[in-house]
Amino acid sequence: MFRYILRRLLQSAILLFIVLSVVFVAGRSIGDPAILILGAEADAASVLQLRTNLGLEDPMLTQYLRFLGDALRGDLGATYRYGMSRGELGGGLPEGRAALPLVVERLPATFYLAGVAIAIAMIVAIPAGILAAMYPRSLLDRAINVISLAGVSVVEFWLALMLVLIFAVTLGWLPTSGYGGIAYVILPAMALAFRSIGRMAQITRSAMLDELAKPYIITARAKGLSPARVSLVHALKNASVPIVTISGDEIATILTGVIIIEFIFSWPGIGQITLDALSRRDLPIVQASIFVLVLIVLIVNLLVDLAYVILNPRIRLR
Amino acid sequence: MTATTPASDTPKGDERQGSITLYHYLRAMLRDPVVMFSVLFLLALLICAVFAPWIAPHDPMQQNILGGQRQPPWSEVSVRGEVKFFILGTDELGRDVFSRLIFGARVSVAVALVGVLVSGALGVTLGLLAGFHGGRVDDLVMRAVDGFMAIPSLLIALFVLFIFGGGLVNLVLVFALVRWMVYARMTRGLVMNLRESPMIESARAVGCTNSRIIFRHILPNIASPLLVLFTLELALLILAEAALSFLGFGIQPPDASWGRMISVGRGYIREAWWLVTLPGLAIFLTTLSLNLLANWLRTVTDPVQRWRWLT
């Protein structure tokens with residue numbers, strides 16, 4: 001178990017290293033950072049001055065090693081323009097803030113939104129899946145099929161806009177966008193959760209159906225246990241492995257879906273800053289947000305695999 | 001549907017020995033109205049995409065500021081004295097929404113189709129190599145698969161498009177880059193199952209070359225699950241293209257793509273609901289049809305289940 005975790009951590013570290021290297025190499029090809037910072041009309045002398053200060057005149061290998069060394073210490077460079085006005089730049093080193101803290105301080109907003117979305121998805125999908133398995137071919141069973149089919153067919157951002165159109169523009173019940181309490185989080189969270197609800201409900205349903213067909217369920221019924229107890233206590237415990245796996249997958253999906261949903265709802269999270277930095281060509285912020293997002297997804301994947309082992313002792317990990 | 005054809009008059013035992021032809025698939029499709037409508041919709045879409053200039057009632061680029069934001073259905077605008085009809089209304093610049101949807105179909109369908117073919121060809125080839133040869137090739141390919149699986153596709157796609165810019169060709173290349181591993185993983189699994197089967201063993205015993213085994217014996221046997229995967233991926237790429245174009249990283253103006261139409265229409269959501277709703281509906285119907293078709297293909301190509309559906 002311990003060795004397994006160690007190996008997974010090592011694999012994740014290697015992957016992060018590869019991602020950072022690719023980002024470094026690709027990042028060099030989008031244009032001179034000095035010109036990006038100073039603007040196209042800057043004179044050659046101050047561009048050269050800034051290039052020297054930023055270390056861009058050094059050999060590529062030196063730059064790469066320095067980049068990796070800095071990254072190891074959690075320094076992914078300073079933003080080119082975030083929160084800076086042009087006047088502050090002067091000729092010397094720009095006083096841009098470090099990129100990583102700028103991205104990390106967006107995390108609470110993202111976790112808030114993603115957390116509500118995941119909670120909605122699980123609260124709706126798992127009971128619905130269990131009930132559908134207990135009453136096959138019922139109305140609920142059919143509804144789950146339709147919803148999951150619609151869920152994989154609909155574009156998240158369009159669904160979000162339709163929700164805005166109905167609940168914010170037409171009915172005026174909820175705000176169209178912005179950051180804040182319950183009223184603000186409902187629409188983006190629903191848009192994020194919709195696809196997951198269908199998939200999770202379907203997996204829950206089929207996992208429960210598999211378990212309910214097994215002989216120990218017949219024994220439990222023969223003992224005279226109530227149908228609710230048989231399903232909720234006996235079958236659910238054994239069906240929980242696929243349910244946890246799909247939940248973990250959906251958490252990873254929601255964490256990337258959050259990028260586009262935050263953009264639509266002007267939600268001040270990591271997705272918004274990523275897209276903003278991409279369109280402003282602010283490379284350090286792009287690097288930092290890719291690093292943070294990949295790291296989060298790797299951690300979620302690791303936790304899901306661990307939960308897998310804990311729930312099912314029969315799975316022996318090498 | 002007239003079921004009294006000679007084929008269905010033969011006793012069941014005989015039919016099991018007969019081979020399944022295209023006719024059986026067509027008949028099964030006619031019996032399932034939902035699938036039939038999906039297929040008809042997809043065919044209509046394909047025809048619209050190919051023959052867009054002849055089908056579109058108006059020039060999709062023709063602006064007419066005075067006749068902008070006309071609400072569907074059926075709005076009339078007089079353009080320089082002559083009255084024109086716009087079935088699905090006009091957008092903020094007075095362009096015909098219906099014509100733009102048709103031209104948008106062209107872009108979305110082309111990107112998704114070519115994207116699936118390129119990523120599929122890459123993935124299936126690597127999967128075949130990994131599954132058939134095993135050993136170090138397999139290790140290498142599967143490491144790459146795991147790596148790509150661990151990083152969200154959207155993030156890779158956004159970053160690559162950020163570096164190289166949007167446009168049709170780059171979108172297709174990005175789709176190849178972020179989706180190849182889905183095909184590779186599936187193909188490898190299927191090939192590994194087959195590799196040790198008596199069928200392949202006897203092919204090898206009679207002296208078939210590796211390439212003959214792969215192309216004549218393995219590929220035909222893994223074709224149907226791959227076909228289902230291709231259909232599902234087609235739906236996924238249509239969604240992905242819409243999302244990337246919506247964010248401004250995919251199809252660039254002045255090309256009309258469904259994702260871009262939604263992105264522009266978003267600015268007018270208060271005044272003109274149809275500018276956001278209609279392109280999204282087009283995407284939804286397309287991907288829904290593709291998903292329904294994939295489900296149907298899965299059941300009718302399943303060797304255990306298909307007799308029930310096809311005969």
# chains A, B, ... in the order shown; residues from 1 in each chain; ligands from 1
>>> interface_residues(of="chain A", to="chain B", cutoff="9 Å", atoms="only C-alpha atoms", output="ChimeraX atom specification")
/A:12,15,23,26-27,29-30,149-150,152-159,161-162,164-165,169-170,252-253,256-257,260,263,275,278-279,281,286,290,293-294,297-298,301
>>> write_last_selection(atoms="N, CA and C atoms", output="compact mmCIF listing (two decimals), in the first residue's frame")
# COMPACT_ATOMS: atom_id res chain seq x y z
N SER A 12 3.33 10.89 -10.71
CA SER A 12 2.70 12.21 -10.83
C SER A 12 3.77 13.28 -10.96
N LEU A 15 5.14 13.31 -14.41
CA LEU A 15 4.18 13.90 -15.34
C LEU A 15 4.20 15.42 -15.23
N VAL A 23 5.47 23.15 -21.40
CA VAL A 23 5.00 24.52 -21.27
C VAL A 23 6.16 25.50 -21.48
N ALA A 26 7.13 25.42 -25.30
CA ALA A 26 6.08 26.05 -26.12
C ALA A 26 5.99 27.54 -25.81
N GLY A 27 6.18 27.88 -24.53
CA GLY A 27 6.04 29.26 -24.12
C GLY A 27 7.05 30.17 -24.79
N SER A 29 7.84 30.16 -27.74
CA SER A 29 7.54 30.41 -29.16
C SER A 29 6.41 31.42 -29.37
N ILE A 30 5.87 31.98 -28.28
CA ILE A 30 4.75 32.90 -28.51
C ILE A 30 5.19 34.35 -28.62
N LEU A 149 -28.77 10.63 -21.40
CA LEU A 149 -28.57 10.80 -22.84
C LEU A 149 -28.49 12.28 -23.19
N ALA A 150 -29.43 13.06 -22.62
CA ALA A 150 -29.40 14.50 -22.86
C ALA A 150 -28.13 15.10 -22.28
N VAL A 152 -25.07 13.85 -21.98
CA VAL A 152 -23.86 13.71 -22.79
C VAL A 152 -24.02 14.41 -24.13
N SER A 153 -25.24 14.82 -24.48
CA SER A 153 -25.44 15.44 -25.79
C SER A 153 -25.44 16.97 -25.73
N VAL A 154 -25.59 17.51 -24.54
CA VAL A 154 -25.76 18.97 -24.46
C VAL A 154 -24.41 19.62 -24.19
N VAL A 155 -24.24 20.81 -24.74
CA VAL A 155 -23.01 21.56 -24.45
C VAL A 155 -23.21 22.29 -23.14
N GLU A 156 -22.23 22.19 -22.24
CA GLU A 156 -22.38 22.80 -20.92
C GLU A 156 -22.65 24.30 -21.01
N PHE A 157 -21.88 24.98 -21.86
CA PHE A 157 -22.00 26.43 -21.86
C PHE A 157 -23.34 26.87 -22.45
N TRP A 158 -23.87 26.07 -23.35
CA TRP A 158 -25.19 26.40 -23.90
C TRP A 158 -26.26 26.19 -22.84
N LEU A 159 -26.15 25.07 -22.12
CA LEU A 159 -27.09 24.80 -21.03
C LEU A 159 -27.05 25.96 -20.03
N LEU A 161 -26.24 29.04 -20.60
CA LEU A 161 -26.90 30.23 -21.18
C LEU A 161 -28.41 30.06 -21.20
N MET A 162 -28.88 28.84 -21.44
CA MET A 162 -30.33 28.61 -21.41
C MET A 162 -30.87 28.82 -20.00
N VAL A 164 -29.61 30.82 -17.79
CA VAL A 164 -29.60 32.27 -17.60
C VAL A 164 -30.82 32.89 -18.28
N LEU A 165 -31.06 32.42 -19.50
CA LEU A 165 -32.18 32.97 -20.28
C LEU A 165 -33.50 32.76 -19.55
N VAL A 169 -33.00 36.05 -17.05
CA VAL A 169 -33.51 37.08 -17.95
C VAL A 169 -35.04 37.10 -17.96
N THR A 170 -35.66 35.93 -18.18
CA THR A 170 -37.11 35.90 -18.34
C THR A 170 -37.83 35.99 -17.00
N ALA A 252 -13.22 15.19 -11.44
CA ALA A 252 -12.20 15.67 -12.39
C ALA A 252 -12.87 16.38 -13.57
N THR A 253 -13.98 15.82 -14.06
CA THR A 253 -14.69 16.46 -15.18
C THR A 253 -15.20 17.83 -14.78
N THR A 256 -12.66 20.58 -14.67
CA THR A 256 -12.26 21.21 -15.92
C THR A 256 -13.44 21.95 -16.55
N GLY A 257 -14.65 21.43 -16.34
CA GLY A 257 -15.83 22.11 -16.86
C GLY A 257 -15.98 23.50 -16.25
N ILE A 260 -15.00 26.89 -18.31
CA ILE A 260 -15.90 27.57 -19.24
C ILE A 260 -17.10 28.18 -18.50
N PHE A 263 -16.21 31.42 -16.88
CA PHE A 263 -16.12 32.47 -17.91
C PHE A 263 -17.51 33.07 -18.16
N LEU A 275 -8.40 31.71 -18.60
CA LEU A 275 -8.85 32.19 -19.91
C LEU A 275 -8.42 33.63 -20.15
N LEU A 278 -4.83 33.61 -21.00
CA LEU A 278 -4.63 33.10 -22.35
C LEU A 278 -4.90 34.19 -23.38
N SER A 279 -5.97 34.96 -23.16
CA SER A 279 -6.28 35.97 -24.17
C SER A 279 -5.37 37.19 -24.05
N ARG A 281 -2.20 36.81 -23.33
CA ARG A 281 -0.89 36.23 -23.56
C ARG A 281 0.03 36.46 -22.37
N VAL A 286 -0.50 31.68 -17.24
CA VAL A 286 -0.91 30.47 -17.94
C VAL A 286 -0.16 29.27 -17.38
N ILE A 290 -2.01 26.19 -15.37
CA ILE A 290 -1.91 24.82 -15.88
C ILE A 290 -1.31 23.92 -14.81
N LEU A 293 -3.97 23.34 -12.03
CA LEU A 293 -5.09 22.49 -12.46
C LEU A 293 -4.65 21.04 -12.63
N VAL A 294 -3.48 20.83 -13.25
CA VAL A 294 -2.99 19.46 -13.43
C VAL A 294 -2.74 18.82 -12.08
N VAL A 297 -6.01 17.74 -10.48
CA VAL A 297 -6.59 16.54 -11.10
C VAL A 297 -5.79 15.29 -10.71
N LEU A 298 -4.46 15.42 -10.63
CA LEU A 298 -3.64 14.28 -10.22
C LEU A 298 -3.97 13.86 -8.79
N ASN A 301 -7.32 12.07 -8.74
CA ASN A 301 -7.18 10.70 -9.26
C ASN A 301 -6.55 9.77 -8.23
>>> atom_distance(atom1="atom CA of A:Ala307", atom2="atom CA of A:Ser148")
25.1 Å
>>> residues_around(residues="A:Tyr112", least_positions_apart="4", cutoff="12 Å", atoms="only C-alpha atoms", output="CSV table (one decimal) with N, CA, C and O atoms, in the first residue's frame")
chain,number,residue,atom,x,y,z
A,106,ARG,N,-7.3,32.2,-6.3
A,106,ARG,CA,-8.6,32.0,-6.9
A,106,ARG,C,-9.2,30.7,-6.6
A,106,ARG,O,-10.4,30.5,-6.9
A,107,LEU,N,-8.4,29.8,-5.9
A,107,LEU,CA,-8.9,28.5,-5.7
A,107,LEU,C,-10.2,28.4,-4.8
A,107,LEU,O,-11.1,27.6,-5.1
A,108,PRO,N,-10.3,29.2,-3.7
A,108,PRO,CA,-11.5,29.1,-2.9
A,108,PRO,C,-12.8,29.3,-3.7
A,108,PRO,O,-13.7,28.5,-3.6
A,116,VAL,N,-20.3,22.8,-4.7
A,116,VAL,CA,-21.7,22.8,-4.7
A,116,VAL,C,-22.2,22.0,-5.9
A,116,VAL,O,-23.2,21.2,-5.8
A,117,ALA,N,-21.5,22.1,-7.1
A,117,ALA,CA,-21.9,21.3,-8.2
A,117,ALA,C,-21.8,19.8,-7.9
A,117,ALA,O,-22.8,19.0,-8.2
A,118,ILE,N,-20.7,19.4,-7.3
A,118,ILE,CA,-20.6,17.9,-7.0
A,118,ILE,C,-21.6,17.5,-6.0
A,118,ILE,O,-22.2,16.4,-6.1
A,119,ALA,N,-21.9,18.3,-5.0
A,119,ALA,CA,-22.9,18.0,-4.0
A,119,ALA,C,-24.2,17.8,-4.6
A,119,ALA,O,-24.9,16.8,-4.4
A,179,TYR,N,-20.4,36.9,-8.3
A,179,TYR,CA,-19.9,36.0,-7.3
A,179,TYR,C,-20.6,36.4,-6.0
A,179,TYR,O,-20.8,37.6,-5.7
A,180,GLY,N,-21.0,35.4,-5.2
A,180,GLY,CA,-21.7,35.7,-4.0
A,180,GLY,C,-22.3,34.5,-3.4
A,180,GLY,O,-21.8,33.4,-3.6
A,181,GLY,N,-23.4,34.7,-2.7
A,181,GLY,CA,-24.0,33.7,-1.9
A,181,GLY,C,-24.8,32.7,-2.7
A,181,GLY,O,-24.6,32.5,-3.9
A,182,ILE,N,-25.8,32.0,-2.1
A,182,ILE,CA,-26.5,31.0,-2.7
A,182,ILE,C,-27.1,31.3,-4.0
A,182,ILE,O,-27.1,30.6,-5.0
A,184,TYR,N,-26.2,33.3,-6.3
A,184,TYR,CA,-25.3,33.4,-7.4
A,184,TYR,C,-24.7,32.0,-7.8
A,184,TYR,O,-24.4,31.8,-9.0
A,185,VAL,N,-24.7,31.1,-6.9
A,185,VAL,CA,-24.0,29.8,-7.2
A,185,VAL,C,-25.0,28.8,-7.8
A,185,VAL,O,-24.6,27.9,-8.5
A,186,ILE,N,-26.3,29.0,-7.7
A,186,ILE,CA,-27.3,28.0,-8.2
A,186,ILE,C,-27.1,27.7,-9.7
A,186,ILE,O,-26.9,26.6,-10.1
A,188,PRO,N,-24.7,28.5,-12.1
A,188,PRO,CA,-23.5,27.8,-12.6
A,188,PRO,C,-23.4,26.4,-12.0
A,188,PRO,O,-22.9,25.5,-12.8
A,189,ALA,N,-23.7,26.1,-10.8
A,189,ALA,CA,-23.6,24.8,-10.2
A,189,ALA,C,-24.5,23.8,-11.0
A,189,ALA,O,-24.1,22.7,-11.2
A,255,LEU,N,-14.1,19.8,-12.5
A,255,LEU,CA,-13.0,20.7,-12.2
A,255,LEU,C,-12.5,21.3,-13.5
A,255,LEU,O,-11.9,22.4,-13.6
A,258,VAL,N,-15.4,23.6,-15.0
A,258,VAL,CA,-15.5,24.9,-14.3
A,258,VAL,C,-14.9,26.0,-15.1
A,258,VAL,O,-15.3,27.2,-15.0
A,262,GLU,N,-17.1,29.3,-15.4
A,262,GLU,CA,-16.7,30.5,-14.7
A,262,GLU,C,-16.6,31.7,-15.7
A,262,GLU,O,-16.9,32.8,-15.3
A,267,TRP,N,-17.3,34.3,-12.8
A,267,TRP,CA,-17.0,33.8,-11.5
A,267,TRP,C,-15.5,33.9,-11.2
A,267,TRP,O,-14.7,33.4,-12.0
A,268,PRO,N,-15.1,34.6,-10.2
A,268,PRO,CA,-13.7,34.9,-10.1
A,268,PRO,C,-12.8,33.7,-9.6
A,268,PRO,O,-12.2,33.7,-8.6
A,269,GLY,N,-12.8,32.6,-10.4
A,269,GLY,CA,-12.1,31.4,-10.0
A,269,GLY,C,-10.9,31.2,-10.9
A,269,GLY,O,-10.5,32.1,-11.7
A,270,ILE,N,-10.3,30.0,-10.8
A,270,ILE,CA,-9.1,29.7,-11.5
A,270,ILE,C,-9.4,29.6,-13.0
A,270,ILE,O,-8.5,30.0,-13.9
>>> residues_around(residues="B:Met36", least_positions_apart="3", cutoff="12 Å", atoms="only C-alpha atoms", output="PDB file with N, CA, C and O atoms, in the first residue's frame")
ATOM      1  N   TYR B  25     -29.614  -4.671 -41.574  1.00  0.00           N
ATOM      2  CA  TYR B  25     -29.416  -3.467 -40.770  1.00  0.00           C
ATOM      3  C   TYR B  25     -30.456  -2.406 -41.110  1.00  0.00           C
ATOM      4  O   TYR B  25     -31.022  -1.760 -40.235  1.00  0.00           O
ATOM      5  N   LEU B  26     -30.713  -2.244 -42.409  1.00  0.00           N
ATOM      6  CA  LEU B  26     -31.700  -1.246 -42.830  1.00  0.00           C
ATOM      7  C   LEU B  26     -33.077  -1.584 -42.272  1.00  0.00           C
ATOM      8  O   LEU B  26     -33.808  -0.719 -41.792  1.00  0.00           O
ATOM      9  N   ARG B  27     -33.413  -2.878 -42.311  1.00  0.00           N
ATOM     10  CA  ARG B  27     -34.724  -3.279 -41.834  1.00  0.00           C
ATOM     11  C   ARG B  27     -34.843  -3.044 -40.332  1.00  0.00           C
ATOM     12  O   ARG B  27     -35.857  -2.552 -39.842  1.00  0.00           O
ATOM     13  N   ALA B  28     -33.757  -3.357 -39.607  1.00  0.00           N
ATOM     14  CA  ALA B  28     -33.775  -3.133 -38.159  1.00  0.00           C
ATOM     15  C   ALA B  28     -33.916  -1.646 -37.850  1.00  0.00           C
ATOM     16  O   ALA B  28     -34.573  -1.256 -36.887  1.00  0.00           O
ATOM     17  N   MET B  29     -33.300  -0.831 -38.688  1.00  0.00           N
ATOM     18  CA  MET B  29     -33.368   0.603 -38.472  1.00  0.00           C
ATOM     19  C   MET B  29     -34.788   1.125 -38.695  1.00  0.00           C
ATOM     20  O   MET B  29     -35.294   1.940 -37.929  1.00  0.00           O
ATOM     21  N   LEU B  30     -35.457   0.591 -39.748  1.00  0.00           N
ATOM     22  CA  LEU B  30     -36.818   1.027 -40.046  1.00  0.00           C
ATOM     23  C   LEU B  30     -37.772   0.678 -38.920  1.00  0.00           C
ATOM     24  O   LEU B  30     -38.773   1.344 -38.706  1.00  0.00           O
ATOM     25  N   ARG B  31     -37.437  -0.377 -38.185  1.00  0.00           N
ATOM     26  CA  ARG B  31     -38.334  -0.797 -37.102  1.00  0.00           C
ATOM     27  C   ARG B  31     -38.199   0.077 -35.874  1.00  0.00           C
ATOM     28  O   ARG B  31     -39.002   0.006 -34.965  1.00  0.00           O
ATOM     29  N   ASP B  32     -37.117   0.853 -35.804  1.00  0.00           N
ATOM     30  CA  ASP B  32     -36.850   1.659 -34.616  1.00  0.00           C
ATOM     31  C   ASP B  32     -36.964   3.135 -34.987  1.00  0.00           C
ATOM     32  O   ASP B  32     -36.020   3.734 -35.490  1.00  0.00           O
ATOM     33  N   PRO B  33     -38.123   3.753 -34.757  1.00  0.00           N
ATOM     34  CA  PRO B  33     -38.343   5.118 -35.252  1.00  0.00           C
ATOM     35  C   PRO B  33     -37.332   6.130 -34.724  1.00  0.00           C
ATOM     36  O   PRO B  33     -36.911   7.027 -35.452  1.00  0.00           O
ATOM     37  N   VAL B  39     -30.908   9.018 -37.835  1.00  0.00           N
ATOM     38  CA  VAL B  39     -30.143   8.817 -39.067  1.00  0.00           C
ATOM     39  C   VAL B  39     -30.598   9.812 -40.132  1.00  0.00           C
ATOM     40  O   VAL B  39     -29.769  10.418 -40.821  1.00  0.00           O
ATOM     41  N   LEU B  40     -31.917  10.022 -40.230  1.00  0.00           N
ATOM     42  CA  LEU B  40     -32.422  10.983 -41.215  1.00  0.00           C
ATOM     43  C   LEU B  40     -31.905  12.388 -40.910  1.00  0.00           C
ATOM     44  O   LEU B  40     -31.501  13.120 -41.799  1.00  0.00           O
ATOM     45  N   PHE B  41     -31.911  12.737 -39.626  1.00  0.00           N
ATOM     46  CA  PHE B  41     -31.410  14.061 -39.251  1.00  0.00           C
ATOM     47  C   PHE B  41     -29.940  14.208 -39.632  1.00  0.00           C
ATOM     48  O   PHE B  41     -29.528  15.222 -40.202  1.00  0.00           O
ATOM     49  N   LEU B  42     -29.150  13.164 -39.334  1.00  0.00           N
ATOM     50  CA  LEU B  42     -27.721  13.235 -39.645  1.00  0.00           C
ATOM     51  C   LEU B  42     -27.490  13.313 -41.156  1.00  0.00           C
ATOM     52  O   LEU B  42     -26.615  14.041 -41.625  1.00  0.00           O
ATOM     53  N   LEU B  43     -28.311  12.571 -41.912  1.00  0.00           N
ATOM     54  CA  LEU B  43     -28.182  12.634 -43.373  1.00  0.00           C
ATOM     55  C   LEU B  43     -28.512  14.027 -43.883  1.00  0.00           C
ATOM     56  O   LEU B  43     -27.782  14.589 -44.707  1.00  0.00           O
ATOM     57  N   SER B 289     -28.460  12.778 -31.822  1.00  0.00           N
ATOM     58  CA  SER B 289     -28.624  11.776 -32.877  1.00  0.00           C
ATOM     59  C   SER B 289     -27.422  10.839 -32.923  1.00  0.00           C
ATOM     60  O   SER B 289     -27.572   9.623 -33.069  1.00  0.00           O
ATOM     61  N   LEU B 290     -26.227  11.416 -32.806  1.00  0.00           N
ATOM     62  CA  LEU B 290     -25.023  10.588 -32.862  1.00  0.00           C
ATOM     63  C   LEU B 290     -24.974   9.615 -31.685  1.00  0.00           C
ATOM     64  O   LEU B 290     -24.628   8.442 -31.857  1.00  0.00           O
ATOM     65  N   LEU B 292     -27.544   8.443 -29.967  1.00  0.00           N
ATOM     66  CA  LEU B 292     -28.582   7.426 -30.170  1.00  0.00           C
ATOM     67  C   LEU B 292     -28.117   6.395 -31.184  1.00  0.00           C
ATOM     68  O   LEU B 292     -28.293   5.182 -31.003  1.00  0.00           O
ATOM     69  N   LEU B 293     -27.485   6.894 -32.263  1.00  0.00           N
ATOM     70  CA  LEU B 293     -26.986   5.993 -33.292  1.00  0.00           C
ATOM     71  C   LEU B 293     -25.919   5.061 -32.719  1.00  0.00           C
ATOM     72  O   LEU B 293     -25.894   3.860 -33.010  1.00  0.00           O
ATOM     73  N   TRP B 296     -27.467   2.312 -30.724  1.00  0.00           N
ATOM     74  CA  TRP B 296     -28.097   1.328 -31.598  1.00  0.00           C
ATOM     75  C   TRP B 296     -27.037   0.452 -32.253  1.00  0.00           C
ATOM     76  O   TRP B 296     -27.167  -0.776 -32.303  1.00  0.00           O
TER      77      TRP B 296
END
>>> atom_distance(atom1="atom CA of B:Pro198", atom2="atom CA of B:Phe215")
17.0 Å
>>> residues_around(residues="A:Ala128", least_positions_apart="3", cutoff="10 Å", atoms="only C-alpha atoms", output="MDAnalysis selection string")
chainID A and resid 122:125 131:134 140:141 143:144 197:198 200:202 204:205
>>> select_by_dssp(residues="stretch 2-239 of chain A", states="helix (DSSP H, G or I)", output="count of residues only")
179
